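Have a look at the structure below, then the notes.
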Amino acid sequence: MQVRIGADIGGTFTDLVFLDSTGAIRTAKVSSTPDDYGRAILDGMSGHFAASGTQPADVTELAHGTTVATNTVLERKGAHVGLLTTRGFRDVLEIRRVRMPVLYDLQWEKPQNLVRRALREEVDERMGASGTVSVPLDIESARAAIARLQAEGVDAVAICFLHSYANDCHERAVAELARQAFEYVSVSSDVLPEMREYERTATTVIDAYVKPVVNRYLGRLNDGLRTMGCKAPVSVMQSNGGVISERIAASQPVRIIESGPAAGVIAARAAGTHAGYDNVITFDMGGTTAKASIIERGEMTLSAEYEVGGGINQGSRLIKGGGYLIRVPAIDIAEVGAGGGSIAWTDAGGALRVGPESSGAEPGPACYGRGGDRPTVTDANVVLGFLNPDYLVGGDLKLDRDRAVQAIEKHIARPLGLDVTAAAMGVHRVANAMMMRAIRSVSIERGRDPRDFALMAFGGNGPVHAAGLAAELEISRIVVPPWPGLFSALGLLVSDFEQLYSQSCLTRLDRAELAAINETLERMTARASGEFAAEGFSGARLQIERFADLRYRRQTSEMMIPLPDRPLNAGDLTELAELFHREHARTYGYDTRDESVEIVAVKLRVRGLRDSGGAQVDWRSAPSDTNARATRSVSFGSDHGTLDAPVIGRGNIGDDAIAGPVIVEEYDSTIVVPPDWRVSQPVGGFLSVERCS
């Protein structure tokens with residue numbers, strides 16, 4: 001029996017989904033192992049093999065979503081990086097975009113640079129914007145710069161020369177020298193062959209910064225797999241929702257910074273297509289963070305860049321500068337530090353706060369009984385009765401309600417002069433307020449009305465908080481898919497191999513040289529086809545889509561507009577401008593048709609379609625527990641007070657709606673249906689929670 005495995009590492013739990021060649025699915029949820037995240041995957045696999053009778057040799061693929069690269073940046077635990085750049089451009093990383101995310105905070109400090117100024121070495125060379133050589137490369141200055149970085153004990157080197165996207169010959173020559181001295185070298189013309197010096201430099205530096213960590217991590221994981229007798233290839237989720245081979249992930253790890261969150265959106269798109277929900281806002285709440293994204297007409301929204309470590313992490317936000325910029329394609333995801341393990345606290349002014357600090361997997365929330373004594377969102381939900389202390393992870397993880405009560409009473413209720421229940425409800429609602437920022441960020445801030453979408457809630461904690469969020473945003477329908485607490489791991493098994501190729505070509509659209517653009521697209525297509533053929537994708541299993549980045553003249557940001565799958569002609573340019581005007585008006589509320597439109601870059605989105613061996617996810621096969629449990633006392637706040645809510649399983653719900661209050665308990669999540677809401681199962685495997693009219 002062949003088995004494919006999806007493994008998603010979170011801050012608190014590591015989720016595994018096992019899909020065999022008959023389409024049957026088994027799941028496992030184990031505590032994450034922060035000292036070596038891969039160990040949790042190996043532990044979960046070993047437990048599955050022991051219980052199912054399958055063998056490591058039966059595994060045909062391990063698809064993997066990981067936070068290793070993200071945490072490396074956030075915790076500043078990456079490589080000792082040096083930078084080689086064109087003389088005169090040493091301080092590009094300091095100047096940044098001359099933007100501040102806050103206008104009136106005189107104490108604000110920009111993020112500490114990942115490369116100290118002393119480790120930024122200048123090389124005598126210069127390329128013009130057209131690709132002509134302005135200053136020839138002085139190879140001796142390059143050798144001297146490399147020698148100085150060696151003397152400083154640098155682990156990895158980033159190389160970014162002026163206008164190398166137009167002509168990369170200087171970068172290639174210096175990279176050849178650098179690879180003789182350093183194991184890890186990142187070259188901007190490989191990482192991001194696009195205009196804008198700061199963006200290209202920042203992205204290349206982050207690639208070098210995380211490269212040793214990601215390579216060591218993947219190496220340890222492979223060693224563990226081989227030791228247990230598993231020879232399956234490992235694929236890794238990218239920020240853009242496609243997976244790549246571990247070989248590519250190791251060579252360009254900047255592509256997997258937002259690996260984990262992307263998988264949930266991919267699963268939501270596949271599930272929505274199956275269940276007939278083309279317009280959904282995804283809401284993924286785990287143990288450490290909550291994420292939101294939007295799927296419109298069955299399509300995800302991609303962002304050309306995003307920031308990590310700047311508070312709310314979302315690619316389309318107008319206010320930037322608070323984090324580390326990464327200009328690689330990514331699913332447009334808003335992320336806030338409000339998860340089940342987020343710690344609740346009171347600030348100096350007596351205001352209740354939640355997060356961004358998390359209790360993590362160790363020691364975890366106070367109710368875990370592992371030594372944590374600070375209250376978390378999970379502790380609040382236990383006190384309110386939303387969570388069953390005896391049924392988390394199907395009963396494998398027992399919770400101590402008394403410890404949760406003590407933590408909230410000591411740190412929240414007593415300082416604020418509240419009773420424990422009111423304090424717990426305050427924690428719950430403050431967490432909701434933070435998470436609404438994420439949902440508004442991907443909907444209202446992009447010109448979309450959340451009332452026109454269903455809210456698809458998943459993650460271990462998403463269905464607990466979904467009704468409260470939907471009520472505030474006036475969303476009338478919540479969709480809870482099968483396996484909600486393991487949904488991101490499932491997304492890893494329904495995603496395709498994917499890469500985005502780009503090339504700058506700045507010109508006015510009405511003056512574009514069609515022959516040059518078509519030649520660039522043909523050259524990119526040939527390169528992409530060759531690289532995907534090396535990974536085993538060709539013919540019907542290879543799909544190539546073409547796009548152009550367009551903007552109004554004098555703007556500094558672009559929108560990605562699709563191109564026809566053939567050589568461009570003059571009529572296409574007119575149609576392209578019209579498509580851009582319409583999308584600009586849709587997103588920003590206006591267009592400027594009197595202004596010239598520029599083409600900034602052309603791009604290819606290349607997909608290698610999986611050969612799943614005939615096994616497809618059966619969305620109706622999720623466990624359907626029909627064992628109704630005793631009612632539980634649940635607090636729903638001042639509007640409804642404390643009520644006795646029946647506790648049921650997913651299998652107790654059919655076409656006929658059940659009115660709230662009701663609690664639906666599953667192995668991997670809990671669904672809270674408050675009063676004034678009702679739950680039904682109109683499509684097999686999918687629960688619909690609707691507001692009563």
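Each chain in the structure tokens gets a letter, A, B and so on, in the order shown; residues start at 1 in every chain, and ligands are counted from 1 in the order they appear.
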> Out of segment 466-637 of chain A, which residues get alpha helix (DSSP H) from DSSP, as a PyMOL selection string?
Replying inline: chain A and resi 466-473+487-491+514-534+570-588
For segment 391-488 of chain A against segment 248-272 of chain A, with a cut-off of 12 Å and counting only C-alpha atoms, what is the closest atom pair and its distance in Å to one decimal for every residue that makes the cut, ordered by chain and number, as a tab-separated table?
residue	atom	partner	partner_atom	distance
A:Phe453	CA	A:Gly272	CA	11.6
A:Ala454	CA	A:Gly272	CA	9.9
A:Leu455	CA	A:Ala268	CA	10.4
A:Met456	CA	A:Ala268	CA	7.3
A:Ala457	CA	A:Ala268	CA	9.2
A:Phe458	CA	A:Gly264	CA	8.2
A:Gly459	CA	A:Gly264	CA	8.5
A:Gly462	CA	A:Gly264	CA	11.8
A:Val479	CA	A:Gly272	CA	9.1
A:Val480	CA	A:Ala268	CA	10.0
A:Pro481	CA	A:Ala271	CA	7.1
A:Pro482	CA	A:Ala271	CA	8.8
A:Trp483	CA	A:Ala267	CA	10.7
A:Pro484	CA	A:Gly264	CA	9.7
A:Gly485	CA	A:Gly264	CA	10.3
A:Leu486	CA	A:Gly264	CA	9.0
A:Phe487	CA	A:Gly264	CA	6.0
A:Ser488	CA	A:Gly264	CA	4.0
Emit the selected residues as a compact mmCIF listing (two decimals), in the first residue's frame, including all heavy atoms.
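Printed below is result-v4.txt as written:
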# COMPACT_ATOMS: atom_id res chain seq x y z
N PHE A 453 -18.64 37.07 1.26
CA PHE A 453 -17.84 35.85 1.31
C PHE A 453 -18.30 34.96 2.46
O PHE A 453 -18.86 35.43 3.45
CB PHE A 453 -16.36 36.19 1.52
CG PHE A 453 -15.73 36.93 0.37
CD1 PHE A 453 -15.96 38.29 0.19
CD2 PHE A 453 -14.93 36.27 -0.54
CE1 PHE A 453 -15.39 38.98 -0.87
CE2 PHE A 453 -14.37 36.94 -1.61
CZ PHE A 453 -14.59 38.30 -1.78
N ALA A 454 -18.05 33.67 2.31
CA ALA A 454 -18.18 32.75 3.44
C ALA A 454 -16.85 32.74 4.19
O ALA A 454 -15.79 32.96 3.60
CB ALA A 454 -18.54 31.35 2.96
N LEU A 455 -16.91 32.49 5.48
CA LEU A 455 -15.69 32.39 6.30
C LEU A 455 -15.37 30.92 6.49
O LEU A 455 -16.13 30.18 7.12
CB LEU A 455 -15.92 33.06 7.66
CG LEU A 455 -14.70 33.12 8.59
CD1 LEU A 455 -13.63 34.04 8.02
CD2 LEU A 455 -15.12 33.59 9.98
N MET A 456 -14.26 30.46 5.89
CA MET A 456 -13.85 29.07 6.06
C MET A 456 -12.88 28.99 7.23
O MET A 456 -11.77 29.52 7.16
CB MET A 456 -13.21 28.51 4.79
CG MET A 456 -12.90 27.02 4.89
SD MET A 456 -12.34 26.24 3.35
CE MET A 456 -13.85 26.23 2.39
N ALA A 457 -13.31 28.34 8.30
CA ALA A 457 -12.55 28.32 9.55
C ALA A 457 -11.88 26.97 9.74
O ALA A 457 -12.52 25.92 9.62
CB ALA A 457 -13.48 28.61 10.72
N PHE A 458 -10.58 27.01 10.02
CA PHE A 458 -9.84 25.78 10.28
C PHE A 458 -8.68 26.09 11.20
O PHE A 458 -8.55 27.19 11.73
CB PHE A 458 -9.40 25.11 8.97
CG PHE A 458 -8.66 26.01 8.02
CD1 PHE A 458 -7.28 26.09 8.03
CD2 PHE A 458 -9.35 26.78 7.09
CE1 PHE A 458 -6.58 26.91 7.16
CE2 PHE A 458 -8.67 27.60 6.19
CZ PHE A 458 -7.29 27.67 6.23
N GLY A 459 -7.79 25.12 11.38
CA GLY A 459 -6.81 25.22 12.45
C GLY A 459 -7.45 24.70 13.72
O GLY A 459 -8.68 24.64 13.86
N GLY A 462 -9.53 27.74 15.04
CA GLY A 462 -10.34 28.56 14.15
C GLY A 462 -11.83 28.41 14.37
O GLY A 462 -12.55 29.41 14.52
N VAL A 479 -18.02 28.12 7.06
CA VAL A 479 -17.83 26.77 6.55
C VAL A 479 -16.69 26.13 7.33
O VAL A 479 -15.60 26.70 7.42
CB VAL A 479 -17.51 26.78 5.04
CG1 VAL A 479 -17.26 25.36 4.54
CG2 VAL A 479 -18.62 27.44 4.25
N VAL A 480 -16.95 24.95 7.90
CA VAL A 480 -15.91 24.21 8.61
C VAL A 480 -15.64 22.94 7.81
O VAL A 480 -16.49 22.06 7.73
CB VAL A 480 -16.33 23.86 10.05
CG1 VAL A 480 -15.18 23.15 10.76
CG2 VAL A 480 -16.73 25.12 10.81
N PRO A 481 -14.47 22.84 7.19
CA PRO A 481 -14.18 21.69 6.33
C PRO A 481 -13.85 20.44 7.14
O PRO A 481 -13.68 20.51 8.36
CB PRO A 481 -12.95 22.17 5.55
CG PRO A 481 -12.25 23.09 6.50
CD PRO A 481 -13.34 23.78 7.28
N PRO A 482 -13.74 19.30 6.49
CA PRO A 482 -13.28 18.10 7.19
C PRO A 482 -11.86 18.27 7.71
O PRO A 482 -11.08 19.04 7.15
CB PRO A 482 -13.34 17.01 6.11
CG PRO A 482 -14.18 17.57 5.02
CD PRO A 482 -14.03 19.05 5.07
N TRP A 483 -11.52 17.57 8.76
CA TRP A 483 -10.19 17.61 9.38
C TRP A 483 -9.72 19.06 9.61
O TRP A 483 -8.61 19.44 9.21
CB TRP A 483 -9.15 16.89 8.51
CG TRP A 483 -9.50 15.49 8.17
CD1 TRP A 483 -9.43 14.39 8.95
CD2 TRP A 483 -9.96 15.02 6.89
NE1 TRP A 483 -9.84 13.27 8.26
CE2 TRP A 483 -10.15 13.63 6.99
CE3 TRP A 483 -10.23 15.64 5.67
CZ2 TRP A 483 -10.61 12.85 5.91
CZ3 TRP A 483 -10.68 14.88 4.61
CH2 TRP A 483 -10.86 13.50 4.73
N PRO A 484 -10.51 19.91 10.23
CA PRO A 484 -10.13 21.33 10.32
C PRO A 484 -8.82 21.57 11.06
O PRO A 484 -8.06 22.47 10.69
CB PRO A 484 -11.32 21.96 11.07
CG PRO A 484 -11.97 20.83 11.80
CD PRO A 484 -11.78 19.63 10.93
N GLY A 485 -8.54 20.78 12.08
CA GLY A 485 -7.32 20.99 12.84
C GLY A 485 -6.07 20.48 12.16
O GLY A 485 -4.95 20.75 12.61
N LEU A 486 -6.23 19.73 11.06
CA LEU A 486 -5.10 19.21 10.31
C LEU A 486 -5.16 19.67 8.85
O LEU A 486 -4.56 19.06 7.96
CB LEU A 486 -5.09 17.67 10.36
CG LEU A 486 -4.97 17.08 11.76
CD1 LEU A 486 -6.12 16.13 12.04
CD2 LEU A 486 -3.65 16.36 11.93
N PHE A 487 -5.87 20.75 8.63
CA PHE A 487 -6.21 21.17 7.28
C PHE A 487 -4.99 21.58 6.48
O PHE A 487 -4.88 21.30 5.29
CB PHE A 487 -7.22 22.31 7.36
CG PHE A 487 -8.07 22.48 6.14
CD1 PHE A 487 -8.81 21.42 5.65
CD2 PHE A 487 -8.14 23.69 5.49
CE1 PHE A 487 -9.61 21.58 4.52
CE2 PHE A 487 -8.93 23.86 4.37
CZ PHE A 487 -9.67 22.80 3.88
N SER A 488 -4.04 22.27 7.10
CA SER A 488 -2.85 22.70 6.37
C SER A 488 -2.02 21.51 5.92
O SER A 488 -1.46 21.51 4.82
CB SER A 488 -2.00 23.64 7.24
OG SER A 488 -2.65 24.87 7.44
>> Please determine, counting only C-alpha atoms, which residue among A:Asn381, A:Thr203, A:Ser688, A:Ser529 has the shortest atom-to-atom distance to Ala158 of chain A.
In response: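 Selected residue with least distance to Ala158 of chain A: A:Thr203.
Of the residues under consideration (A:His411, A:His80, A:His170, A:Lys29), A:His80 shows the shortest atom-to-atom contact distance to Leu149 of chain A when counting only C-alpha atoms.
If only C-alpha atoms are the atoms counted, then among A:Val234, A:Leu106, A:Val81, A:Val689 the closest residue to Phe182 of chain A is A:Val81.
Ranking A:Leu218, A:Leu604, A:Met300, A:Val420 by their shortest atom-to-atom distance to Thr525 of chain A, with only C-alpha atoms included, puts A:Leu604 first.
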Spatial neighbours of segment 115-130 of chain A, max dist 7 Å, only C-alpha atoms, sep filter under 5 positions, as a PDB file with N, CA and C atoms, in the first residue's frame:
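Written out: result32.pdb:
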ATOM      1  N   VAL A  81      26.356  36.561   7.966  1.00  0.00           N
ATOM      2  CA  VAL A  81      26.288  36.845   6.536  1.00  0.00           C
ATOM      3  C   VAL A  81      27.167  38.025   6.159  1.00  0.00           C
ATOM      4  N   GLY A  82      27.808  37.899   5.006  1.00  0.00           N
ATOM      5  CA  GLY A  82      28.522  39.008   4.395  1.00  0.00           C
ATOM      6  C   GLY A  82      27.853  39.380   3.086  1.00  0.00           C
ATOM      7  N   LEU A  83      28.048  40.635   2.652  1.00  0.00           N
ATOM      8  CA  LEU A  83      27.450  41.122   1.414  1.00  0.00           C
ATOM      9  C   LEU A  83      28.529  41.690   0.500  1.00  0.00           C
ATOM     10  N   LEU A  84      28.510  41.285  -0.752  1.00  0.00           N
ATOM     11  CA  LEU A  84      29.363  41.858  -1.789  1.00  0.00           C
ATOM     12  C   LEU A  84      28.475  42.684  -2.713  1.00  0.00           C
ATOM     13  N   THR A  85      28.779  43.966  -2.865  1.00  0.00           N
ATOM     14  CA  THR A  85      27.940  44.840  -3.660  1.00  0.00           C
ATOM     15  C   THR A  85      28.785  45.842  -4.441  1.00  0.00           C
ATOM     16  N   THR A  86      28.147  46.553  -5.346  1.00  0.00           N
ATOM     17  CA  THR A  86      28.823  47.551  -6.177  1.00  0.00           C
ATOM     18  C   THR A  86      29.326  48.704  -5.315  1.00  0.00           C
ATOM     19  N   ARG A  87      30.529  49.198  -5.638  1.00  0.00           N
ATOM     20  CA  ARG A  87      31.069  50.327  -4.881  1.00  0.00           C
ATOM     21  C   ARG A  87      30.088  51.502  -4.911  1.00  0.00           C
ATOM     22  N   ARG A  90      26.953  50.348  -0.559  1.00  0.00           N
ATOM     23  CA  ARG A  90      27.140  49.597   0.678  1.00  0.00           C
ATOM     24  C   ARG A  90      25.962  49.775   1.640  1.00  0.00           C
ATOM     25  N   VAL A 135      31.504  50.360 -15.617  1.00  0.00           N
ATOM     26  CA  VAL A 135      32.822  50.211 -14.994  1.00  0.00           C
ATOM     27  C   VAL A 135      33.177  48.730 -15.047  1.00  0.00           C
ATOM     28  N   PRO A 136      34.266  48.369 -15.721  1.00  0.00           N
ATOM     29  CA  PRO A 136      34.639  46.955 -15.806  1.00  0.00           C
ATOM     30  C   PRO A 136      34.886  46.365 -14.420  1.00  0.00           C
ATOM     31  N   LEU A 137      34.651  45.059 -14.298  1.00  0.00           N
ATOM     32  CA  LEU A 137      34.878  44.371 -13.030  1.00  0.00           C
ATOM     33  C   LEU A 137      36.366  44.309 -12.714  1.00  0.00           C
ATOM     34  N   ASP A 138      36.723  44.791 -11.527  1.00  0.00           N
ATOM     35  CA  ASP A 138      38.089  44.674 -11.021  1.00  0.00           C
ATOM     36  C   ASP A 138      38.145  43.395 -10.190  1.00  0.00           C
ATOM     37  N   SER A 141      39.793  43.492  -6.729  1.00  0.00           N
ATOM     38  CA  SER A 141      39.019  44.071  -5.626  1.00  0.00           C
ATOM     39  C   SER A 141      38.016  43.057  -5.093  1.00  0.00           C
ATOM     40  N   ALA A 142      37.497  42.200  -5.970  1.00  0.00           N
ATOM     41  CA  ALA A 142      36.580  41.151  -5.528  1.00  0.00           C
ATOM     42  C   ALA A 142      37.312  40.129  -4.665  1.00  0.00           C
ATOM     43  N   ALA A 145      37.935  41.619  -1.245  1.00  0.00           N
ATOM     44  CA  ALA A 145      36.713  41.678  -0.440  1.00  0.00           C
ATOM     45  C   ALA A 145      36.354  40.310   0.114  1.00  0.00           C
ATOM     46  N   LEU A 149      36.092  39.030   4.147  1.00  0.00           N
ATOM     47  CA  LEU A 149      34.937  38.330   4.725  1.00  0.00           C
ATOM     48  C   LEU A 149      35.358  36.989   5.315  1.00  0.00           C
ATOM     49  N   LEU A 162      24.773  46.288  -8.942  1.00  0.00           N
ATOM     50  CA  LEU A 162      23.850  47.218  -9.575  1.00  0.00           C
ATOM     51  C   LEU A 162      23.458  46.733 -10.978  1.00  0.00           C
ATOM     52  N   HIS A 163      22.141  46.691 -11.225  1.00  0.00           N
ATOM     53  CA  HIS A 163      21.561  46.357 -12.533  1.00  0.00           C
ATOM     54  C   HIS A 163      21.979  44.968 -13.038  1.00  0.00           C
ATOM     55  N   SER A 164      22.225  44.046 -12.139  1.00  0.00           N
ATOM     56  CA  SER A 164      22.611  42.701 -12.595  1.00  0.00           C
ATOM     57  C   SER A 164      21.442  41.960 -13.235  1.00  0.00           C
ATOM     58  N   ALA A 166      19.845  43.101 -15.631  1.00  0.00           N
ATOM     59  CA  ALA A 166      19.995  43.383 -17.061  1.00  0.00           C
ATOM     60  C   ALA A 166      21.212  42.673 -17.650  1.00  0.00           C
TER      61      ALA A 166
END
>> Excluding Arg593 of chain A and its own-chain neighbours fewer than 2 positions away, which residues fall within 12 Å of it when counting only C-alpha atoms? Please give them as an MDAnalysis selection string.
In response: chainID A and resid 551:553 574 577:582 584:585 590:591 595:597
>> I'd like the contact shell of Ala516 of chain A - 12 Å cut-off, only C-alpha atoms, skipping same-chain residues fewer than 3 positions apart - returned as a ChimeraX atom specification.
In response: /A:504-507,511-513,519-523,567-569,602
>> Just want the 9 Å neighbourhood of Arg440 of chain A, counted on only C-alpha atoms, with same-chain residues fewer than 5 positions away dropped. Output as a ChimeraX atom specification.
In response: /A:292,435,445-446,450,473
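Between Glu498 of chain A and the residues A:Gly339, A:Pro363, A:Pro415, A:Gly241, the shortest atom-to-atom distance, using only C-alpha atoms, involves A:Gly241.
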> Could you pull out the strand (DSSP E or B) residues of segment 474-593 of chain A from DSSP and send them as a ChimeraX atom specification?
Replying inline: /A:477-480,497-508,542-552,559-563
Residues of the last selection are to be written out with C-alpha atoms, as an mmCIF file, in the first residue's frame.
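Produced file selection.cif, reproduced below:
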data_model
loop_
_atom_site.group_PDB
_atom_site.id
_atom_site.type_symbol
_atom_site.label_atom_id
_atom_site.label_comp_id
_atom_site.auth_asym_id
_atom_site.auth_seq_id
_atom_site.Cartn_x
_atom_site.Cartn_y
_atom_site.Cartn_z
ATOM 1 C CA ARG A 477 -22.046 31.829 6.792
ATOM 2 C CA ILE A 478 -19.140 29.894 8.272
ATOM 3 C CA VAL A 479 -17.830 26.769 6.546
ATOM 4 C CA VAL A 480 -15.910 24.210 8.612
ATOM 5 C CA PHE A 497 4.832 21.748 -7.896
ATOM 6 C CA GLU A 498 5.138 25.392 -8.827
ATOM 7 C CA GLN A 499 7.678 28.134 -9.508
ATOM 8 C CA LEU A 500 7.418 31.740 -10.612
ATOM 9 C CA TYR A 501 10.022 33.078 -13.048
ATOM 10 C CA SER A 502 10.434 36.815 -13.586
ATOM 11 C CA GLN A 503 12.476 39.230 -15.674
ATOM 12 C CA SER A 504 12.457 43.026 -15.541
ATOM 13 C CA CYS A 505 11.676 44.935 -18.764
ATOM 14 C CA LEU A 506 10.637 48.479 -17.850
ATOM 15 C CA THR A 507 8.911 50.317 -20.712
ATOM 16 C CA ARG A 508 5.714 52.201 -21.486
ATOM 17 C CA LEU A 542 3.413 20.815 -17.248
ATOM 18 C CA GLN A 543 1.328 24.016 -17.241
ATOM 19 C CA ILE A 544 2.741 27.478 -17.968
ATOM 20 C CA GLU A 545 0.841 30.730 -17.370
ATOM 21 C CA ARG A 546 2.179 34.124 -18.460
ATOM 22 C CA PHE A 547 1.783 37.451 -16.655
ATOM 23 C CA ALA A 548 2.977 41.045 -16.751
ATOM 24 C CA ASP A 549 3.542 43.425 -13.852
ATOM 25 C CA LEU A 550 1.863 46.718 -14.758
ATOM 26 C CA ARG A 551 1.617 50.098 -13.065
ATOM 27 C CA TYR A 552 0.689 53.671 -13.794
ATOM 28 C CA MET A 559 -0.316 44.630 -10.284
ATOM 29 C CA MET A 560 0.115 41.229 -11.944
ATOM 30 C CA ILE A 561 -2.113 40.893 -15.031
ATOM 31 C CA PRO A 562 -2.454 37.672 -17.103
ATOM 32 C CA LEU A 563 -1.074 37.451 -20.646
#
> What is the distance, in Å and to one decimal place, between atom CA of Glu335 of chain A and atom CA of Arg607 of chain A?
Replying inline: 26.2 Å
Hey, could you make a per-residue contact list for segment 186-300 of chain A against segment 47-62 of chain A with 10 Å as the cut-off, showing the nearest pair of atoms and its distance in Å to one decimal, counting only C-alpha atoms, sorted by chain and number, as JSON lines?
{"residue": "A:Leu225", "atom": "CA", "partner": "A:Pro56", "partner_atom": "CA", "distance": 8.3}
{"residue": "A:Arg226", "atom": "CA", "partner": "A:Pro56", "partner_atom": "CA", "distance": 9.2}
{"residue": "A:Thr227", "atom": "CA", "partner": "A:Pro56", "partner_atom": "CA", "distance": 10.0}
{"residue": "A:Met228", "atom": "CA", "partner": "A:Pro56", "partner_atom": "CA", "distance": 6.7}
{"residue": "A:Gly229", "atom": "CA", "partner": "A:Pro56", "partner_atom": "CA", "distance": 5.6}
{"residue": "A:Cys230", "atom": "CA", "partner": "A:Pro56", "partner_atom": "CA", "distance": 4.6}
{"residue": "A:Lys231", "atom": "CA", "partner": "A:Ala57", "partner_atom": "CA", "distance": 6.7}
{"residue": "A:Ala232", "atom": "CA", "partner": "A:Thr60", "partner_atom": "CA", "distance": 4.9}
{"residue": "A:Pro233", "atom": "CA", "partner": "A:Glu61", "partner_atom": "CA", "distance": 5.3}
{"residue": "A:Val234", "atom": "CA", "partner": "A:Leu62", "partner_atom": "CA", "distance": 4.9}
{"residue": "A:Ser235", "atom": "CA", "partner": "A:Leu62", "partner_atom": "CA", "distance": 6.3}
{"residue": "A:Val236", "atom": "CA", "partner": "A:Leu62", "partner_atom": "CA", "distance": 8.5}
Limited to N, CA and C atoms, could you put the picked residues into a file as a compact mmCIF listing (two decimals), in the first residue's frame?
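The resulting file, result04.txt, is reproduced below:
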# COMPACT_ATOMS: atom_id res chain seq x y z
N LEU A 225 14.91 10.09 8.03
CA LEU A 225 14.07 9.28 7.14
C LEU A 225 14.82 8.06 6.64
N ARG A 226 16.08 8.25 6.26
CA ARG A 226 16.85 7.12 5.74
C ARG A 226 17.12 6.10 6.85
N THR A 227 17.33 6.58 8.06
CA THR A 227 17.58 5.67 9.18
C THR A 227 16.38 4.77 9.44
N MET A 228 15.17 5.32 9.29
CA MET A 228 13.98 4.50 9.52
C MET A 228 13.60 3.68 8.29
N GLY A 229 14.37 3.83 7.19
CA GLY A 229 14.10 3.04 6.00
C GLY A 229 13.19 3.69 5.00
N CYS A 230 12.97 4.99 5.11
CA CYS A 230 12.11 5.71 4.18
C CYS A 230 12.97 6.43 3.14
N LYS A 231 12.79 6.09 1.88
CA LYS A 231 13.59 6.68 0.81
C LYS A 231 12.77 7.63 -0.06
N ALA A 232 11.60 8.02 0.42
CA ALA A 232 10.72 8.88 -0.37
C ALA A 232 11.32 10.27 -0.55
N PRO A 233 11.09 10.90 -1.70
CA PRO A 233 11.55 12.27 -1.89
C PRO A 233 10.78 13.23 -0.99
N VAL A 234 11.45 14.30 -0.59
CA VAL A 234 10.83 15.33 0.25
C VAL A 234 10.56 16.55 -0.61
N SER A 235 9.32 17.04 -0.55
CA SER A 235 8.97 18.29 -1.21
C SER A 235 8.58 19.30 -0.14
N VAL A 236 8.77 20.58 -0.44
CA VAL A 236 8.57 21.64 0.56
C VAL A 236 7.62 22.69 0.00
Quick one: everything within 7 Å of Leu509 of chain A, counting only C-alpha atoms, minus sequence neighbours fewer than 6 positions away in the same chain. Send it as a short mmCIF file (atom, residue, chain, number, x, y, z; two decimals) with N, CA and C atoms, in the first residue's frame.
data_model
loop_
_atom_site.label_atom_id
_atom_site.label_comp_id
_atom_site.auth_asym_id
_atom_site.auth_seq_id
_atom_site.Cartn_x
_atom_site.Cartn_y
_atom_site.Cartn_z
N LEU A 573 -1.75 44.56 -26.35
CA LEU A 573 -1.29 45.63 -25.47
C LEU A 573 -2.45 46.54 -25.06
N VAL A 597 0.45 53.66 -18.92
CA VAL A 597 0.66 52.40 -18.20
C VAL A 597 2.04 51.86 -18.57
N GLU A 598 2.79 51.42 -17.56
CA GLU A 598 4.11 50.85 -17.79
C GLU A 598 4.10 49.35 -17.53
N ILE A 599 4.86 48.64 -18.33
CA ILE A 599 5.13 47.24 -18.04
C ILE A 599 6.48 47.18 -17.33
#
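Take the candidates A:Val683, A:Val92, A:Ala622, A:Leu302 and check each one against Gly23 of chain A using only C-alpha atoms; the shortest distance goes to A:Ala622.
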